[in-house]
file upload12.txt (compact mmCIF, N, CA and C atoms)
# COMPACT_ATOMS: atom_id res chain seq x y z
N MET A 1 0.82 -1.17 0.00
CA MET A 1 0.00 0.00 0.00
C MET A 1 0.88 1.25 0.00
N ASN A 2 0.80 2.02 -1.09
CA ASN A 2 1.58 3.26 -1.23
C ASN A 2 0.75 4.43 -0.73
N LYS A 3 1.40 5.20 0.08
CA LYS A 3 0.73 6.39 0.61
C LYS A 3 1.32 7.61 -0.07
N GLU A 4 0.48 8.45 -0.71
CA GLU A 4 0.96 9.65 -1.38
C GLU A 4 1.06 10.79 -0.37
N GLN A 5 2.06 11.63 -0.64
CA GLN A 5 2.26 12.78 0.23
C GLN A 5 1.20 13.83 -0.08
N ALA A 6 0.56 14.37 0.94
CA ALA A 6 -0.53 15.30 0.74
C ALA A 6 -0.13 16.75 1.02
N GLY A 7 1.06 17.02 1.50
CA GLY A 7 1.46 18.39 1.83
C GLY A 7 2.97 18.51 1.90
N PHE A 8 3.43 19.61 2.51
CA PHE A 8 4.86 19.84 2.65
C PHE A 8 5.33 19.33 4.00
N THR A 9 6.57 18.92 4.04
CA THR A 9 7.14 18.49 5.32
C THR A 9 7.58 19.72 6.10
N LEU A 10 7.82 19.54 7.34
CA LEU A 10 8.26 20.63 8.20
C LEU A 10 9.61 21.17 7.73
N ILE A 11 10.49 20.30 7.31
CA ILE A 11 11.82 20.71 6.82
C ILE A 11 11.68 21.61 5.59
N GLU A 12 10.79 21.27 4.67
CA GLU A 12 10.59 22.08 3.47
C GLU A 12 10.05 23.47 3.83
N LEU A 13 9.13 23.52 4.76
CA LEU A 13 8.58 24.81 5.18
C LEU A 13 9.63 25.68 5.85
N ILE A 14 10.46 25.08 6.69
CA ILE A 14 11.54 25.83 7.36
C ILE A 14 12.54 26.35 6.33
N ALA A 15 12.86 25.55 5.33
CA ALA A 15 13.80 25.98 4.29
C ALA A 15 13.25 27.19 3.54
N VAL A 16 11.97 27.18 3.21
CA VAL A 16 11.35 28.32 2.51
C VAL A 16 11.37 29.57 3.39
N ILE A 17 11.07 29.42 4.66
CA ILE A 17 11.06 30.55 5.58
C ILE A 17 12.47 31.14 5.72
N VAL A 18 13.49 30.30 5.79
CA VAL A 18 14.87 30.78 5.89
C VAL A 18 15.26 31.54 4.62
N ILE A 19 14.90 31.01 3.47
CA ILE A 19 15.23 31.69 2.20
C ILE A 19 14.52 33.04 2.12
N LEU A 20 13.24 33.10 2.50
CA LEU A 20 12.53 34.38 2.50
C LEU A 20 13.14 35.37 3.49
N GLY A 21 13.58 34.88 4.62
CA GLY A 21 14.24 35.74 5.61
C GLY A 21 15.52 36.35 5.08
N ILE A 22 16.32 35.54 4.39
CA ILE A 22 17.57 36.04 3.80
C ILE A 22 17.28 37.09 2.74
N LEU A 23 16.30 36.83 1.88
CA LEU A 23 15.93 37.81 0.86
C LEU A 23 15.43 39.11 1.47
N ALA A 24 14.62 39.01 2.51
CA ALA A 24 14.10 40.20 3.17
C ALA A 24 15.22 40.99 3.85
N ALA A 25 16.16 40.30 4.47
CA ALA A 25 17.26 40.97 5.16
C ALA A 25 18.15 41.73 4.20
N THR A 26 18.27 41.28 2.97
CA THR A 26 19.14 41.97 2.01
C THR A 26 18.39 43.02 1.20
N ALA A 27 17.11 42.84 0.94
CA ALA A 27 16.37 43.75 0.06
C ALA A 27 15.68 44.88 0.81
N VAL A 28 15.12 44.64 1.96
CA VAL A 28 14.32 45.65 2.65
C VAL A 28 15.11 46.91 3.01
N PRO A 29 16.33 46.83 3.52
CA PRO A 29 17.05 48.07 3.86
C PRO A 29 17.25 49.01 2.68
N ARG A 30 17.27 48.51 1.48
CA ARG A 30 17.44 49.36 0.31
C ARG A 30 16.21 50.20 0.04
N PHE A 31 15.04 49.77 0.49
CA PHE A 31 13.80 50.46 0.19
C PHE A 31 13.17 51.16 1.38
N VAL A 32 13.69 50.92 2.58
CA VAL A 32 13.06 51.46 3.78
C VAL A 32 13.23 52.98 3.86
N ASP A 33 14.44 53.49 3.70
CA ASP A 33 14.68 54.92 3.88
C ASP A 33 15.07 55.57 2.57
N LEU A 34 14.09 55.84 1.75
CA LEU A 34 14.33 56.55 0.50
C LEU A 34 14.05 58.04 0.65
N SER A 35 13.68 58.49 1.84
CA SER A 35 13.33 59.90 2.02
C SER A 35 14.53 60.82 1.80
N ALA A 36 15.71 60.40 2.21
CA ALA A 36 16.90 61.24 2.01
C ALA A 36 17.18 61.43 0.53
N ALA A 37 17.06 60.36 -0.25
CA ALA A 37 17.28 60.47 -1.69
C ALA A 37 16.20 61.34 -2.34
N ALA A 38 14.97 61.24 -1.85
CA ALA A 38 13.88 62.06 -2.38
C ALA A 38 14.10 63.54 -2.07
N GLU A 39 14.54 63.85 -0.85
CA GLU A 39 14.82 65.24 -0.48
C GLU A 39 15.95 65.81 -1.33
N GLU A 40 16.99 65.01 -1.56
CA GLU A 40 18.11 65.47 -2.38
C GLU A 40 17.67 65.73 -3.82
N ALA A 41 16.86 64.83 -4.36
CA ALA A 41 16.37 65.02 -5.73
C ALA A 41 15.48 66.26 -5.82
N ALA A 42 14.66 66.50 -4.80
CA ALA A 42 13.79 67.68 -4.80
C ALA A 42 14.60 68.96 -4.77
N VAL A 43 15.63 69.00 -3.93
CA VAL A 43 16.48 70.19 -3.84
C VAL A 43 17.21 70.43 -5.16
N GLU A 44 17.72 69.36 -5.78
CA GLU A 44 18.39 69.50 -7.08
C GLU A 44 17.41 70.03 -8.13
N GLY A 45 16.18 69.55 -8.10
CA GLY A 45 15.17 70.01 -9.05
C GLY A 45 14.83 71.48 -8.86
N ILE A 46 14.70 71.90 -7.61
CA ILE A 46 14.40 73.30 -7.32
C ILE A 46 15.57 74.19 -7.73
N ALA A 47 16.79 73.75 -7.45
CA ALA A 47 17.96 74.53 -7.87
C ALA A 47 18.00 74.66 -9.39
N GLY A 48 17.69 73.59 -10.10
CA GLY A 48 17.65 73.65 -11.55
C GLY A 48 16.58 74.60 -12.05
N ALA A 49 15.41 74.56 -11.42
CA ALA A 49 14.32 75.46 -11.81
C ALA A 49 14.70 76.92 -11.54
N LEU A 50 15.32 77.18 -10.40
CA LEU A 50 15.74 78.55 -10.08
C LEU A 50 16.81 79.04 -11.05
N GLY A 51 17.77 78.18 -11.38
CA GLY A 51 18.81 78.56 -12.34
C GLY A 51 18.24 78.84 -13.72
N SER A 52 17.31 78.01 -14.17
CA SER A 52 16.68 78.22 -15.48
C SER A 52 15.85 79.49 -15.49
N ALA A 53 15.08 79.70 -14.43
CA ALA A 53 14.25 80.90 -14.35
C ALA A 53 15.11 82.16 -14.32
N SER A 54 16.23 82.10 -13.62
CA SER A 54 17.13 83.25 -13.57
C SER A 54 17.75 83.53 -14.93
N ALA A 55 18.14 82.48 -15.63
CA ALA A 55 18.72 82.66 -16.97
C ALA A 55 17.69 83.22 -17.94
N LEU A 56 16.45 82.73 -17.87
CA LEU A 56 15.40 83.25 -18.75
C LEU A 56 15.07 84.70 -18.42
N ASN A 57 15.06 85.05 -17.14
CA ASN A 57 14.82 86.43 -16.74
C ASN A 57 15.94 87.33 -17.25
N HIS A 58 17.15 86.85 -17.18
CA HIS A 58 18.31 87.61 -17.68
C HIS A 58 18.21 87.80 -19.19
N ALA A 59 17.84 86.76 -19.92
CA ALA A 59 17.69 86.86 -21.37
C ALA A 59 16.57 87.84 -21.72
N ASN A 60 15.49 87.80 -20.96
CA ASN A 60 14.39 88.73 -21.16
C ASN A 60 14.84 90.17 -20.91
N ASN A 61 15.67 90.35 -19.90
CA ASN A 61 16.20 91.67 -19.59
C ASN A 61 17.08 92.18 -20.73
N ILE A 62 17.90 91.30 -21.30
CA ILE A 62 18.75 91.69 -22.44
C ILE A 62 17.88 92.09 -23.63
N ALA A 63 16.83 91.32 -23.88
CA ALA A 63 15.93 91.62 -24.99
C ALA A 63 15.26 92.97 -24.78
N ASN A 64 14.81 93.25 -23.57
CA ASN A 64 14.20 94.56 -23.29
C ASN A 64 15.19 95.69 -23.47
N ASP A 65 16.43 95.50 -23.00
CA ASP A 65 17.46 96.53 -23.16
C ASP A 65 17.78 96.78 -24.63
N ALA A 66 17.61 95.76 -25.47
CA ALA A 66 17.87 95.89 -26.90
C ALA A 66 16.68 96.50 -27.65
N GLY A 67 15.60 96.78 -26.93
CA GLY A 67 14.43 97.38 -27.56
C GLY A 67 13.45 96.40 -28.15
N LEU A 68 13.64 95.13 -27.88
CA LEU A 68 12.72 94.11 -28.39
C LEU A 68 11.50 94.03 -27.47
N THR A 69 10.36 93.73 -28.05
CA THR A 69 9.17 93.57 -27.22
C THR A 69 9.10 92.12 -26.73
N THR A 70 8.79 91.99 -25.47
CA THR A 70 8.68 90.67 -24.86
C THR A 70 7.32 90.56 -24.19
N THR A 71 6.89 89.35 -23.98
CA THR A 71 5.58 89.13 -23.36
C THR A 71 5.67 88.95 -21.86
N THR A 72 6.87 88.82 -21.34
CA THR A 72 7.06 88.59 -19.91
C THR A 72 7.81 89.76 -19.30
N ALA A 73 7.32 90.25 -18.18
CA ALA A 73 7.98 91.35 -17.49
C ALA A 73 9.26 90.85 -16.82
N VAL A 74 10.25 91.72 -16.78
CA VAL A 74 11.50 91.39 -16.10
C VAL A 74 11.28 91.53 -14.60
N THR A 75 11.74 90.55 -13.85
CA THR A 75 11.67 90.60 -12.39
C THR A 75 13.01 91.11 -11.87
N ASP A 76 12.96 92.09 -10.97
CA ASP A 76 14.19 92.62 -10.38
C ASP A 76 14.85 91.56 -9.52
N VAL A 77 16.12 91.30 -9.78
CA VAL A 77 16.90 90.34 -9.00
C VAL A 77 18.21 91.03 -8.63
N THR A 78 18.36 91.33 -7.34
CA THR A 78 19.59 91.97 -6.87
C THR A 78 20.36 91.10 -5.89
N ASN A 79 19.70 90.07 -5.35
CA ASN A 79 20.38 89.13 -4.45
C ASN A 79 19.78 87.74 -4.64
N CYS A 80 20.36 86.77 -4.00
CA CYS A 80 19.93 85.39 -4.17
C CYS A 80 18.48 85.18 -3.75
N ASP A 81 18.04 85.87 -2.69
CA ASP A 81 16.67 85.72 -2.22
C ASP A 81 15.65 86.13 -3.28
N ASP A 82 15.98 87.14 -4.08
CA ASP A 82 15.04 87.62 -5.10
C ASP A 82 14.73 86.56 -6.16
N ALA A 83 15.61 85.60 -6.32
CA ALA A 83 15.40 84.56 -7.35
C ALA A 83 14.16 83.73 -7.07
N ALA A 84 13.75 83.62 -5.81
CA ALA A 84 12.55 82.84 -5.47
C ALA A 84 11.31 83.41 -6.13
N ALA A 85 11.28 84.71 -6.39
CA ALA A 85 10.13 85.35 -7.03
C ALA A 85 9.99 84.94 -8.49
N LEU A 86 11.02 84.34 -9.06
CA LEU A 86 10.97 83.92 -10.45
C LEU A 86 10.16 82.64 -10.65
N LEU A 87 9.92 81.90 -9.57
CA LEU A 87 9.13 80.68 -9.66
C LEU A 87 7.65 81.00 -9.49
N ASP A 88 6.79 80.39 -10.28
CA ASP A 88 5.36 80.56 -10.10
C ASP A 88 4.98 80.06 -8.72
N GLY A 89 4.36 80.90 -7.94
CA GLY A 89 3.97 80.52 -6.59
C GLY A 89 5.09 80.66 -5.58
N GLY A 90 6.27 81.10 -6.01
CA GLY A 90 7.38 81.27 -5.09
C GLY A 90 7.99 79.96 -4.66
N LEU A 91 8.75 80.02 -3.60
CA LEU A 91 9.47 78.85 -3.08
C LEU A 91 8.68 78.27 -1.90
N ASP A 92 8.54 76.95 -1.88
CA ASP A 92 7.83 76.27 -0.79
C ASP A 92 8.51 76.58 0.54
N ASP A 93 7.72 76.61 1.62
CA ASP A 93 8.24 76.95 2.95
C ASP A 93 9.27 75.97 3.48
N SER A 94 9.37 74.79 2.88
CA SER A 94 10.34 73.80 3.35
C SER A 94 11.74 74.03 2.79
N TYR A 95 11.87 75.00 1.89
CA TYR A 95 13.15 75.26 1.23
C TYR A 95 13.55 76.71 1.45
N TYR A 96 14.85 76.92 1.60
CA TYR A 96 15.36 78.26 1.84
C TYR A 96 16.56 78.53 0.95
N ILE A 97 16.67 79.80 0.54
CA ILE A 97 17.82 80.24 -0.23
C ILE A 97 18.76 80.93 0.74
N GLU A 98 20.03 80.65 0.60
CA GLU A 98 21.04 81.27 1.45
C GLU A 98 20.89 82.79 1.38
N THR A 99 20.78 83.42 2.52
CA THR A 99 20.55 84.86 2.55
C THR A 99 21.86 85.63 2.59
N GLY A 100 21.78 86.88 2.21
CA GLY A 100 22.94 87.76 2.31
C GLY A 100 23.84 87.77 1.09
N ASN A 101 23.56 86.98 0.07
CA ASN A 101 24.40 86.99 -1.12
C ASN A 101 23.89 88.02 -2.11
N ALA A 102 24.55 89.17 -2.16
CA ALA A 102 24.20 90.19 -3.14
C ALA A 102 24.85 89.83 -4.47
N ILE A 103 24.14 90.13 -5.54
CA ILE A 103 24.69 89.91 -6.88
C ILE A 103 25.35 91.21 -7.30
N GLY A 104 26.44 91.15 -8.05
CA GLY A 104 27.20 92.33 -8.45
C GLY A 104 26.34 93.52 -8.84
N ALA A 105 26.95 94.70 -8.98
CA ALA A 105 26.21 95.93 -9.21
C ALA A 105 25.69 96.08 -10.64
N ALA A 106 26.33 95.46 -11.60
CA ALA A 106 25.95 95.64 -13.00
C ALA A 106 24.95 94.59 -13.45
N GLU A 107 24.06 95.00 -14.36
CA GLU A 107 23.12 94.05 -14.91
C GLU A 107 23.89 92.92 -15.59
N GLY A 108 23.42 91.70 -15.38
CA GLY A 108 24.08 90.54 -15.97
C GLY A 108 25.13 89.92 -15.08
N ASP A 109 25.52 90.61 -14.00
CA ASP A 109 26.44 89.98 -13.05
C ASP A 109 25.77 88.74 -12.47
N SER A 110 26.56 87.78 -12.07
CA SER A 110 25.99 86.54 -11.57
C SER A 110 26.60 86.18 -10.22
N GLU A 111 25.89 85.32 -9.52
CA GLU A 111 26.33 84.86 -8.21
C GLU A 111 25.86 83.43 -8.01
N ALA A 112 26.71 82.60 -7.45
CA ALA A 112 26.31 81.24 -7.10
C ALA A 112 25.51 81.31 -5.80
N CYS A 113 24.30 80.77 -5.84
CA CYS A 113 23.40 80.80 -4.69
C CYS A 113 23.12 79.37 -4.24
N THR A 114 22.76 79.22 -2.99
CA THR A 114 22.48 77.90 -2.43
C THR A 114 21.04 77.81 -1.97
N VAL A 115 20.37 76.73 -2.36
CA VAL A 115 19.02 76.44 -1.87
C VAL A 115 19.12 75.18 -1.03
N SER A 116 18.43 75.18 0.12
CA SER A 116 18.51 74.05 1.05
C SER A 116 17.13 73.62 1.51
N PHE A 117 17.05 72.36 1.90
CA PHE A 117 15.85 71.82 2.53
C PHE A 117 15.96 72.09 4.02
N ASP A 118 14.89 72.57 4.63
CA ASP A 118 14.89 72.87 6.07
C ASP A 118 14.79 71.58 6.87
N SER A 119 15.90 70.86 6.94
CA SER A 119 15.89 69.53 7.56
C SER A 119 15.75 69.57 9.07
N ASN A 120 16.11 70.70 9.70
CA ASN A 120 15.98 70.76 11.16
C ASN A 120 14.71 71.50 11.59
N ASP A 121 13.81 71.81 10.65
CA ASP A 121 12.50 72.40 10.93
C ASP A 121 12.54 73.63 11.83
N ASN A 122 13.51 74.52 11.60
CA ASN A 122 13.54 75.75 12.41
C ASN A 122 13.02 76.95 11.63
N ASP A 123 12.43 76.71 10.45
CA ASP A 123 11.82 77.75 9.61
C ASP A 123 12.79 78.86 9.22
N ALA A 124 14.05 78.51 9.04
CA ALA A 124 15.05 79.48 8.60
C ALA A 124 16.21 78.75 7.96
N TYR A 125 16.92 79.47 7.11
CA TYR A 125 18.12 78.89 6.50
C TYR A 125 19.26 78.96 7.50
N ASP A 126 19.96 77.86 7.68
CA ASP A 126 21.18 77.86 8.49
C ASP A 126 22.09 76.74 8.00
N ALA A 127 23.28 76.71 8.56
CA ALA A 127 24.29 75.75 8.10
C ALA A 127 23.89 74.30 8.36
N GLY A 128 22.94 74.06 9.26
CA GLY A 128 22.52 72.70 9.57
C GLY A 128 21.54 72.11 8.58
N ASP A 129 21.05 72.93 7.64
CA ASP A 129 20.08 72.44 6.67
C ASP A 129 20.77 71.62 5.59
N ALA A 130 20.19 70.47 5.29
CA ALA A 130 20.75 69.60 4.26
C ALA A 130 19.62 68.76 3.71
N PRO A 131 19.66 68.34 2.50
CA PRO A 131 20.70 68.61 1.52
C PRO A 131 20.55 70.00 0.92
N ASP A 132 21.59 70.41 0.20
CA ASP A 132 21.53 71.69 -0.49
C ASP A 132 22.09 71.55 -1.89
N ALA A 133 21.80 72.53 -2.73
CA ALA A 133 22.27 72.54 -4.11
C ALA A 133 22.48 73.99 -4.52
N THR A 134 23.32 74.20 -5.51
CA THR A 134 23.61 75.57 -5.95
C THR A 134 23.00 75.85 -7.31
N PHE A 135 22.78 77.11 -7.56
CA PHE A 135 22.31 77.58 -8.85
C PHE A 135 22.92 78.95 -9.10
N ILE A 136 22.90 79.40 -10.32
CA ILE A 136 23.45 80.71 -10.67
C ILE A 136 22.29 81.69 -10.86
N ALA A 137 22.37 82.83 -10.15
CA ALA A 137 21.38 83.89 -10.29
C ALA A 137 22.04 85.07 -11.00
N TYR A 138 21.30 85.71 -11.90
CA TYR A 138 21.79 86.85 -12.66
C TYR A 138 21.09 88.11 -12.21
N ARG A 139 21.85 89.20 -12.11
CA ARG A 139 21.26 90.48 -11.73
C ARG A 139 20.45 90.99 -12.91
N ALA A 140 19.24 91.44 -12.61
CA ALA A 140 18.37 92.01 -13.63
C ALA A 140 17.57 93.14 -13.01
N ALA A 141 17.29 94.14 -13.81
CA ALA A 141 16.48 95.27 -13.34
C ALA A 141 15.45 95.59 -14.40
N SER A 142 14.24 95.88 -13.97
CA SER A 142 13.15 96.12 -14.91
C SER A 142 13.17 97.51 -15.51
N THR A 143 14.05 98.38 -15.04
CA THR A 143 14.08 99.74 -15.57
C THR A 143 14.86 99.85 -16.85

call {"tool": "encode", "arguments": {"input": "upload12.txt", "output": "structure tokens"}}
result
Amino acid sequence: MNKEQAGFTLIELIAVIVILGILAATAVPRFVDLSAAAEEAAVEGIAGALGSASALNHANNIANDAGLTTTTAVTDVTNCDDAAALLDGGLDDSYYIETGNAIGAAEGDSEACTVSFDSNDNDAYDAGDAPDATFIAYRAAST
């Protein structure tokens, strides 16, 4: 009389559990804390948007100075903080631009500016904020 096996043995179940445990131990840490990478990508994206907006504002300023008609008004940018006004809706409260960086006196002068994520939640830019990224802001005047 042959008896057919109707299920898994205890050894087989333990082997599967051990294999799943090993896979979980190696894969889960890679996906658990992606917030730091997301914050860094967001800051890089904002810095890119600020740099592009500043360059477009500068080009618009040059066109206006040359007597060309443009459809967009030039935004005055004299320091790094002014660059936030170039973004539609401004800069989100979680991000700050390094303060105190004046851009040169002549139109078209540029300055490297830093935008940071407010990682310590003190509602202000300081050296403890990270991650950060840089962008170039150009001086422009609407007159």

call {"tool": "select_by_dssp", "arguments": {"input": "upload12.txt", "residues": "stretch 53-119 of chain A", "states": "strand (DSSP E or B)", "output": "VMD selection string"}}
result
chain A and resid 77 79 95 to 97 102 110 to 117

call {"tool": "residues_near_point", "arguments": {"input": "upload12.txt", "point": "(22.5, 77.8, -4.7)", "cutoff": "5 Å", "atoms": "all atoms listed in the file", "output": "list in words"}}
result
Ala112, Cys113, Thr114, Val115, Ala133, Thr134 and Phe135 of chain A

call {"tool": "select_by_dssp", "arguments": {"input": "upload12.txt", "residues": "stretch 29-139 of chain A", "states": "alpha helix (DSSP H)", "output": "JSON, numbers by chain"}}
result
{"A": [29, 30, 31, 32, 35, 36, 37, 38, 39, 40, 41, 42, 43, 44, 45, 46, 47, 48, 49, 50, 51, 52, 53, 54, 55, 56, 57, 58, 59, 60, 61, 62, 63, 64, 65]}

call {"tool": "closest_residue", "arguments": {"input": "upload12.txt", "among": "A:Ser110, A:Thr99, A:Ser142, A:Ser35", "to": "A:Ser54", "atoms": "only C-alpha atoms"}}
result
A:Ser110

call {"tool": "residues_around", "arguments": {"input": "upload12.txt", "residues": "A:Ser94", "least_positions_apart": "3", "cutoff": "7 Å", "atoms": "only N, CA and C atoms", "output": "VMD selection string"}}
result
chain A and resid 91 116 to 119

call {"tool": "residues_around", "arguments": {"input": "upload12.txt", "residues": "A:Leu87", "least_positions_apart": "6", "cutoff": "7 Å", "atoms": "only N, CA and C atoms", "output": "count of residues only"}}
result
3

call {"tool": "axis_aligned_box", "arguments": {"input": "upload12.txt", "around": "stretch 128-138 of chain A", "padding_each_side": "8 Å", "output": "AutoDock Vina command-line options"}}
result
--center_x 21.6 --center_y 78.2 --center_z -1.5 --size_x 20.0 --size_y 35.8 --size_z 38.2

call {"tool": "closest_residue", "arguments": {"input": "upload12.txt", "among": "A:Val77, A:Ile97, A:Ala83, A:Ala6", "to": "A:Ala140", "atoms": "only N, CA and C atoms"}}
result
A:Val77

call {"tool": "decode", "arguments": {"input": "upload12.txt", "residues": "stretch 94-141 of chain A", "atoms": "C-alpha atoms", "output": "compact mmCIF listing (two decimals), in the first residue's frame"}}
result
# COMPACT_ATOMS: atom_id res chain seq x y z
CA SER A 94 10.34 73.80 3.35
CA TYR A 95 13.15 75.26 1.23
CA TYR A 96 15.36 78.26 1.84
CA ILE A 97 17.82 80.24 -0.23
CA GLU A 98 21.04 81.27 1.45
CA THR A 99 20.55 84.86 2.55
CA GLY A 100 22.94 87.76 2.31
CA ASN A 101 24.40 86.99 -1.12
CA ALA A 102 24.20 90.19 -3.14
CA ILE A 103 24.69 89.91 -6.88
CA GLY A 104 27.20 92.33 -8.45
CA ALA A 105 26.21 95.93 -9.21
CA ALA A 106 25.95 95.64 -13.00
CA GLU A 107 23.12 94.05 -14.91
CA GLY A 108 24.08 90.54 -15.97
CA ASP A 109 26.44 89.98 -13.05
CA SER A 110 25.99 86.54 -11.57
CA GLU A 111 26.33 84.86 -8.21
CA ALA A 112 26.31 81.24 -7.10
CA CYS A 113 23.40 80.80 -4.69
CA THR A 114 22.48 77.90 -2.43
CA VAL A 115 19.02 76.44 -1.87
CA SER A 116 18.51 74.05 1.05
CA PHE A 117 15.85 71.82 2.53
CA ASP A 118 14.89 72.87 6.07
CA SER A 119 15.89 69.53 7.56
CA ASN A 120 15.98 70.76 11.16
CA ASP A 121 12.50 72.40 10.93
CA ASN A 122 13.54 75.75 12.41
CA ASP A 123 11.82 77.75 9.61
CA ALA A 124 15.05 79.48 8.60
CA TYR A 125 18.12 78.89 6.50
CA ASP A 126 21.18 77.86 8.49
CA ALA A 127 24.29 75.75 8.10
CA GLY A 128 22.52 72.70 9.57
CA ASP A 129 20.08 72.44 6.67
CA ALA A 130 20.75 69.60 4.26
CA PRO A 131 20.70 68.61 1.52
CA ASP A 132 21.53 71.69 -0.49
CA ALA A 133 22.27 72.54 -4.11
CA THR A 134 23.61 75.57 -5.95
CA PHE A 135 22.31 77.58 -8.85
CA ILE A 136 23.45 80.71 -10.67
CA ALA A 137 21.38 83.89 -10.29
CA TYR A 138 21.79 86.85 -12.66
CA ARG A 139 21.26 90.48 -11.73
CA ALA A 140 18.37 92.01 -13.63
CA ALA A 141 16.48 95.27 -13.34
